[in-house]
Every structure is written in C-alpha cells, then in structure tokens.
>>> print(open('work_9.pdb').read())   # PDB, C-alpha atoms, pLDDT in the B column
ATOM      1  CA  PHE A  11       0.000   0.000   0.000  1.00 51.00           C
ATOM      2  CA  GLN A  12       1.522   3.357  -1.016  1.00 60.00           C
ATOM      3  CA  VAL A  13       0.366   6.821  -0.112  1.00 58.00           C
ATOM      4  CA  PRO A  14       0.413   9.053  -3.184  1.00 62.00           C
ATOM      5  CA  LEU A  15       2.597  12.136  -2.714  1.00 59.00           C
ATOM      6  CA  GLY A  16       1.633  15.529  -4.048  1.00 68.00           C
ATOM      7  CA  PRO A  17       4.257  17.819  -5.629  1.00 69.00           C
ATOM      8  CA  GLU A  18       4.932  19.659  -2.333  1.00 73.00           C
ATOM      9  CA  GLN A  19       5.218  16.447  -0.311  1.00 72.00           C
ATOM     10  CA  PHE A  20       7.510  14.946  -2.941  1.00 70.00           C
ATOM     11  CA  SER A  21       9.751  18.024  -2.797  1.00 75.00           C
ATOM     12  CA  LEU A  22       9.965  17.809   0.996  1.00 72.00           C
ATOM     13  CA  ALA A  23      10.770  14.094   0.884  1.00 72.00           C
ATOM     14  CA  LEU A  24      13.436  14.688  -1.762  1.00 70.00           C
ATOM     15  CA  ALA A  25      14.978  17.552   0.240  1.00 71.00           C
ATOM     16  CA  ALA A  26      15.059  15.401   3.396  1.00 71.00           C
ATOM     17  CA  ALA A  27      16.758  12.557   1.513  1.00 71.00           C
ATOM     18  CA  LEU A  28      19.360  14.931   0.062  1.00 67.00           C
ATOM     19  CA  VAL A  29      20.145  16.493   3.441  1.00 66.00           C
ATOM     20  CA  ALA A  30      20.427  13.064   5.082  1.00 63.00           C
ATOM     21  CA  SER A  31      22.857  11.827   2.423  1.00 62.00           C
ATOM     22  CA  ALA A  32      24.935  15.029   2.330  1.00 58.00           C
ATOM     23  CA  ASN A  33      27.187  13.595   5.040  1.00 56.00           C
ATOM     24  CA  ALA A  34      28.515  11.138   2.454  1.00 58.00           C
ATOM     25  CA  PHE A  35      30.071  14.086   0.603  1.00 58.00           C
ATOM     26  CA  ALA A  36      31.587  15.782   3.665  1.00 59.00           C
ATOM     27  CA  PRO A  37      35.387  15.954   3.603  1.00 58.00           C
ATOM     28  CA  ALA A  38      37.219  13.237   5.460  1.00 56.00           C
ATOM     29  CA  PRO A  39      39.113  14.220   8.615  1.00 53.00           C
ATOM     30  CA  ALA A  40      42.643  15.374   7.953  1.00 52.00           C
ATOM     31  CA  PHE A  41      45.178  12.594   7.613  1.00 49.00           C
ATOM     32  CA  GLY A  42      46.786  11.820  10.962  1.00 49.00           C
ATOM     33  CA  MET A  43      44.150  13.628  13.047  1.00 47.00           C
ATOM     34  CA  GLN A  44      43.726  10.702  15.445  1.00 48.00           C
ATOM     35  CA  LYS A  45      47.484  10.504  15.923  1.00 45.00           C
ATOM     36  CA  SER A  46      47.697  14.197  16.767  1.00 42.00           C
ATOM     37  CA  MET A  47      44.971  13.731  19.363  1.00 50.00           C
ATOM     38  CA  GLN A  48      47.032  10.971  20.950  1.00 50.00           C
ATOM     39  CA  LEU A  49      50.092  13.203  20.943  1.00 53.00           C
ATOM     40  CA  ASN A  50      48.062  15.909  22.678  1.00 50.00           C
ATOM     41  CA  ALA A  51      47.048  13.367  25.298  1.00 47.00           C
ATOM     42  CA  GLU A  52      50.706  12.607  25.964  1.00 51.00           C
ATOM     43  CA  LYS A  53      51.498  16.325  26.198  1.00 55.00           C
ATOM     44  CA  ASP A  54      48.774  17.193  28.702  1.00 79.00           C
ATOM     45  CA  PRO A  55      49.356  15.207  31.911  1.00 74.00           C
ATOM     46  CA  ALA A  56      46.859  17.448  33.695  1.00 82.00           C
ATOM     47  CA  ARG A  57      44.069  15.797  31.712  1.00 89.00           C
ATOM     48  CA  TYR A  58      45.249  12.389  30.479  1.00 92.00           C
ATOM     49  CA  GLY A  59      46.965   9.531  32.261  1.00 94.00           C
ATOM     50  CA  LYS A  60      49.697   7.168  31.210  1.00 94.00           C
ATOM     51  CA  TYR A  61      47.234   4.522  29.960  1.00 95.00           C
ATOM     52  CA  ASP A  62      44.753   6.822  28.214  1.00 93.00           C
ATOM     53  CA  ASP A  63      43.568   5.079  24.995  1.00 92.00           C
ATOM     54  CA  LYS A  64      45.626   2.009  25.938  1.00 95.00           C
ATOM     55  CA  LEU A  65      44.665  -1.335  27.448  1.00 96.00           C
ATOM     56  CA  TRP A  66      43.405  -0.746  31.012  1.00 97.00           C
ATOM     57  CA  ASP A  67      43.865  -4.181  32.560  1.00 96.00           C
ATOM     58  CA  MET A  68      45.107  -5.432  35.927  1.00 96.00           C
ATOM     59  CA  THR A  69      48.766  -5.144  34.872  1.00 96.00           C
ATOM     60  CA  ALA A  70      48.303  -1.464  33.987  1.00 97.00           C
ATOM     61  CA  LYS A  71      46.352  -0.790  37.192  1.00 97.00           C
ATOM     62  CA  LEU A  72      49.054  -2.409  39.322  1.00 97.00           C
ATOM     63  CA  GLU A  73      51.715  -0.279  37.639  1.00 98.00           C
ATOM     64  CA  ILE A  74      49.723   2.913  38.310  1.00 98.00           C
ATOM     65  CA  TYR A  75      49.098   1.767  41.887  1.00 98.00           C
ATOM     66  CA  GLU A  76      52.824   1.233  42.470  1.00 97.00           C
ATOM     67  CA  GLU A  77      53.582   4.762  41.177  1.00 97.00           C
ATOM     68  CA  TRP A  78      50.740   6.364  43.180  1.00 97.00           C
ATOM     69  CA  ASP A  79      51.781   8.593  46.071  1.00 97.00           C
ATOM     70  CA  PRO A  80      48.796   9.318  48.370  1.00 97.00           C
ATOM     71  CA  SER A  81      50.651  12.234  49.982  1.00 96.00           C
ATOM     72  CA  GLN A  82      50.793  14.104  46.639  1.00 97.00           C
ATOM     73  CA  PRO A  83      47.762  15.790  45.004  1.00 96.00           C
ATOM     74  CA  ARG A  84      45.487  13.534  42.976  1.00 96.00           C
ATOM     75  CA  THR A  85      46.116  13.977  39.231  1.00 95.00           C
ATOM     76  CA  PRO A  86      45.708  11.840  36.088  1.00 95.00           C
ATOM     77  CA  MET A  87      49.309  10.738  36.673  1.00 95.00           C
ATOM     78  CA  ASN A  88      48.881  10.149  40.437  1.00 96.00           C
ATOM     79  CA  PHE A  89      45.755   8.272  41.500  1.00 97.00           C
ATOM     80  CA  ASN A  90      44.661   4.996  43.042  1.00 97.00           C
ATOM     81  CA  PRO A  91      43.174   2.906  40.213  1.00 97.00           C
ATOM     82  CA  PHE A  92      41.371   0.720  42.763  1.00 96.00           C
ATOM     83  CA  GLU A  93      39.626   3.601  44.544  1.00 95.00           C
ATOM     84  CA  THR A  94      35.878   3.859  43.991  1.00 94.00           C
ATOM     85  CA  TRP A  95      33.654   6.910  44.098  1.00 93.00           C
ATOM     86  CA  GLU A  96      29.893   6.555  44.389  1.00 92.00           C
ATOM     87  CA  GLY A  97      30.326   2.882  43.435  1.00 92.00           C
ATOM     88  CA  ASN A  98      32.307   3.579  40.256  1.00 95.00           C
ATOM     89  CA  SER A  99      35.894   2.805  39.288  1.00 95.00           C
ATOM     90  CA  PRO A 100      38.080   5.426  37.611  1.00 97.00           C
ATOM     91  CA  ASP A 101      39.117   5.383  33.976  1.00 97.00           C
ATOM     92  CA  ALA A 102      42.755   5.148  32.880  1.00 96.00           C
ATOM     93  CA  SER A 103      43.270   8.829  33.772  1.00 96.00           C
ATOM     94  CA  GLY A 104      41.658   8.687  37.202  1.00 96.00           C
ATOM     95  CA  TRP A 105      38.360  10.310  36.152  1.00 96.00           C
ATOM     96  CA  PHE A 106      35.027   8.891  37.251  1.00 96.00           C
ATOM     97  CA  PRO A 107      31.755   8.501  35.325  1.00 95.00           C
ATOM     98  CA  GLY A 108      29.860  11.783  35.455  1.00 93.00           C
ATOM     99  CA  GLN A 109      32.991  13.911  35.237  1.00 93.00           C
ATOM    100  CA  ASN A 110      33.259  15.660  31.876  1.00 91.00           C
ATOM    101  CA  THR A 111      36.733  14.216  31.237  1.00 92.00           C
ATOM    102  CA  PHE A 112      35.733  10.557  31.850  1.00 94.00           C
ATOM    103  CA  LYS A 113      36.520   8.179  28.971  1.00 94.00           C
ATOM    104  CA  ASP A 114      35.370   4.575  28.875  1.00 94.00           C
ATOM    105  CA  PRO A 115      38.650   2.650  29.183  1.00 94.00           C
ATOM    106  CA  THR A 116      39.847  -0.059  26.812  1.00 93.00           C
ATOM    107  CA  ARG A 117      39.389  -3.275  28.751  1.00 92.00           C
ATOM    108  CA  GLY A 118      40.994  -6.632  28.040  1.00 89.00           C
ATOM    109  CA  ASP A 119      39.319  -9.998  27.835  1.00 90.00           C
ATOM    110  CA  ILE A 120      38.282 -11.449  31.164  1.00 90.00           C
ATOM    111  CA  ASN A 121      37.063 -14.812  32.391  1.00 94.00           C
ATOM    112  CA  PHE A 122      36.039 -16.282  35.717  1.00 97.00           C
ATOM    113  CA  ALA A 123      39.483 -17.728  36.506  1.00 96.00           C
ATOM    114  CA  SER A 124      41.244 -14.406  35.912  1.00 95.00           C
ATOM    115  CA  MET A 125      38.573 -12.635  37.975  1.00 96.00           C
ATOM    116  CA  GLN A 126      39.385 -14.958  40.881  1.00 97.00           C
ATOM    117  CA  GLU A 127      43.104 -14.137  40.558  1.00 96.00           C
ATOM    118  CA  GLU A 128      42.335 -10.406  40.451  1.00 96.00           C
ATOM    119  CA  ARG A 129      40.146 -10.784  43.555  1.00 96.00           C
ATOM    120  CA  LYS A 130      43.153 -12.197  45.449  1.00 97.00           C
ATOM    121  CA  ILE A 131      45.269  -9.202  44.371  1.00 97.00           C
ATOM    122  CA  LEU A 132      42.555  -6.753  45.445  1.00 96.00           C
ATOM    123  CA  ASP A 133      42.110  -8.510  48.794  1.00 97.00           C
ATOM    124  CA  ASP A 134      45.858  -8.162  49.389  1.00 97.00           C
ATOM    125  CA  ILE A 135      45.749  -4.441  48.495  1.00 96.00           C
ATOM    126  CA  ILE A 136      42.831  -3.897  50.887  1.00 94.00           C
ATOM    127  CA  ALA A 137      44.565  -5.843  53.668  1.00 96.00           C
ATOM    128  CA  ASN A 138      47.835  -3.934  53.158  1.00 96.00           C
ATOM    129  CA  PRO A 139      47.013  -0.341  52.170  1.00 94.00           C
ATOM    130  CA  LYS A 140      49.770   1.958  51.022  1.00 95.00           C
ATOM    131  CA  ALA A 141      51.225   4.262  53.669  1.00 94.00           C
ATOM    132  CA  GLY A 142      49.296   7.536  53.588  1.00 94.00           C
ATOM    133  CA  ASN A 143      46.206   6.000  51.982  1.00 94.00           C
ATOM    134  CA  VAL A 144      43.679   7.509  54.373  1.00 92.00           C
ATOM    135  CA  PRO A 145      40.439   9.404  53.723  1.00 89.00           C
ATOM    136  CA  GLY A 146      41.231  13.046  53.075  1.00 92.00           C
ATOM    137  CA  ALA A 147      44.786  12.407  51.860  1.00 95.00           C
ATOM    138  CA  PRO A 148      45.723  14.691  48.912  1.00 95.00           C
ATOM    139  CA  GLY A 149      46.028  11.709  46.521  1.00 94.00           C
ATOM    140  CA  CYS A 150      42.583  10.319  47.377  1.00 94.00           C
ATOM    141  CA  LYS A 151      39.219  11.185  45.855  1.00 89.00           C
ATOM    142  CA  ASN A 152      37.321  10.243  49.033  1.00 75.00           C
TER     143      ASN A 152
END
>>> encode(input="work_9.pdb", output="structure tokens")
Amino acid sequence: FQVPLGPEQFSLALAAALVASANAFAPAPAFGMQKSMQLNAEKDPARYGKYDDKLWDMTAKLEIYEEWDPSQPRTPMNFNPFETWEGNSPDASGWFPGQNTFKDPTRGDINFASMQEERKILDDIIANPKAGNVPGAPGCKN
C-alpha cells in the first residue's frame, strides 16, 4: 500500500533525503588527526593519564598503583586505580563517570578464573594499604 505524494510532499521528501545523504560528501578528517589527538594526550598530563587510549587491565592498574603517592595531590598521573567513588571505578586517567573528562577505558578480555586471581590481588591491596592512603589524603578522591 503506497500513499500518493503531491508535488509539495515529494519536494519535501526529496529535500530530506538529500540532506540526510549530504554527510557522504563531507570531507574526510585530515590525515593523521587521530594521531595528533594521541600526541596531545601525551602532552597534557593534567588531563590524560599514562594509559589513556591504551589497554586498562590489571597489569596497567598495578603499575599505576605502584607509582601512586597518596601524599601528593590527585592527578591523572597520580591516582589509586582501585579507589571507587559513588560505586564507580576510575578510567585510565583517574576520572570517574559523570565527570566531563571521563573516557570509557579499553578493557581486556576477562574470564572467571582471571577474575578470581584479580580478587586475590585486590584482597591483598585492601589488607595492606599503602602508607598515607587515608580518607582526606591529597592523593585520594574520598
């Protein structure tokens, strides 16, 4: 069943189709644009962490945790990757969901066995907190 279109309706439908397909003729982003964005991320440690746009797995989190100094101000280069805020974990730059700089991290494959191993690591971190890791410390969100 087709609804017959009058000349005005046909013109509107044609205009809508042309506008919708105009994106196909838009110029492509400049060559290397993504690379320059990554270089900017490396240049701005006040906004992006060491693992921004890289794999954010347990190995990366442990490395960031080892480098973290709770007595220094919290920054994208100095944060506890295992700290939670309002039930959320930080991204690879220490930002939390809801903050305008939060980026969904690149996560690796996971399975039940590796989750059990990670749980043991987290239990050890909880049982043996880093010196200075207390609420209100400069390097803590909470």
>>> residues_around(input="work_9.pdb", residues="A:Lys113", least_positions_apart="6", cutoff="12 Å", atoms="all atoms listed in the file", output="list of chain:residue names")
A:Arg57, A:Tyr58, A:Gly59, A:Tyr61, A:Asp62, A:Asp63, A:Lys64, A:Trp66, A:Ser99, A:Pro100, A:Asp101, A:Ala102, A:Ser103, A:Gly104, A:Trp105, A:Phe106, A:Pro107
>>> atom_distance(input="work_9.pdb", atom1="atom CA of A:Ile74", atom2="atom CA of A:Glu93")
11.9 Å
>>> atom_distance(input="work_9.pdb", atom1="atom CA of A:Pro91", atom2="atom CA of A:Glu127")
17.0 Å
>>> residues_around(input="work_9.pdb", residues="A:Cys150", least_positions_apart="6", cutoff="9 Å", atoms="all atoms listed in the file", output="PyMOL selection string")
chain A and resi 80-81+83-84+89-90+93+143-144
>>> atom_distance(input="work_9.pdb", atom1="atom CA of A:Gln126", atom2="atom CA of A:Asp114")
23.3 Å
>>> resolve_selection(input="work_9.pdb", expression="the PyMOL selection byres ((chain A and resi 67) around 10)", output="ChimeraX atom specification")
/A:61,64-66,68-72,102,115-120
>>> axis_aligned_box(input="work_9.pdb", around="stretch 74-83 of chain A", padding_each_side="8 Å", output="lines of an AutoDock Vina configuration file")
center_x = 50.7
center_y = 8.5
center_z = 44.1
size_x = 21.8
size_y = 30.6
size_z = 27.7
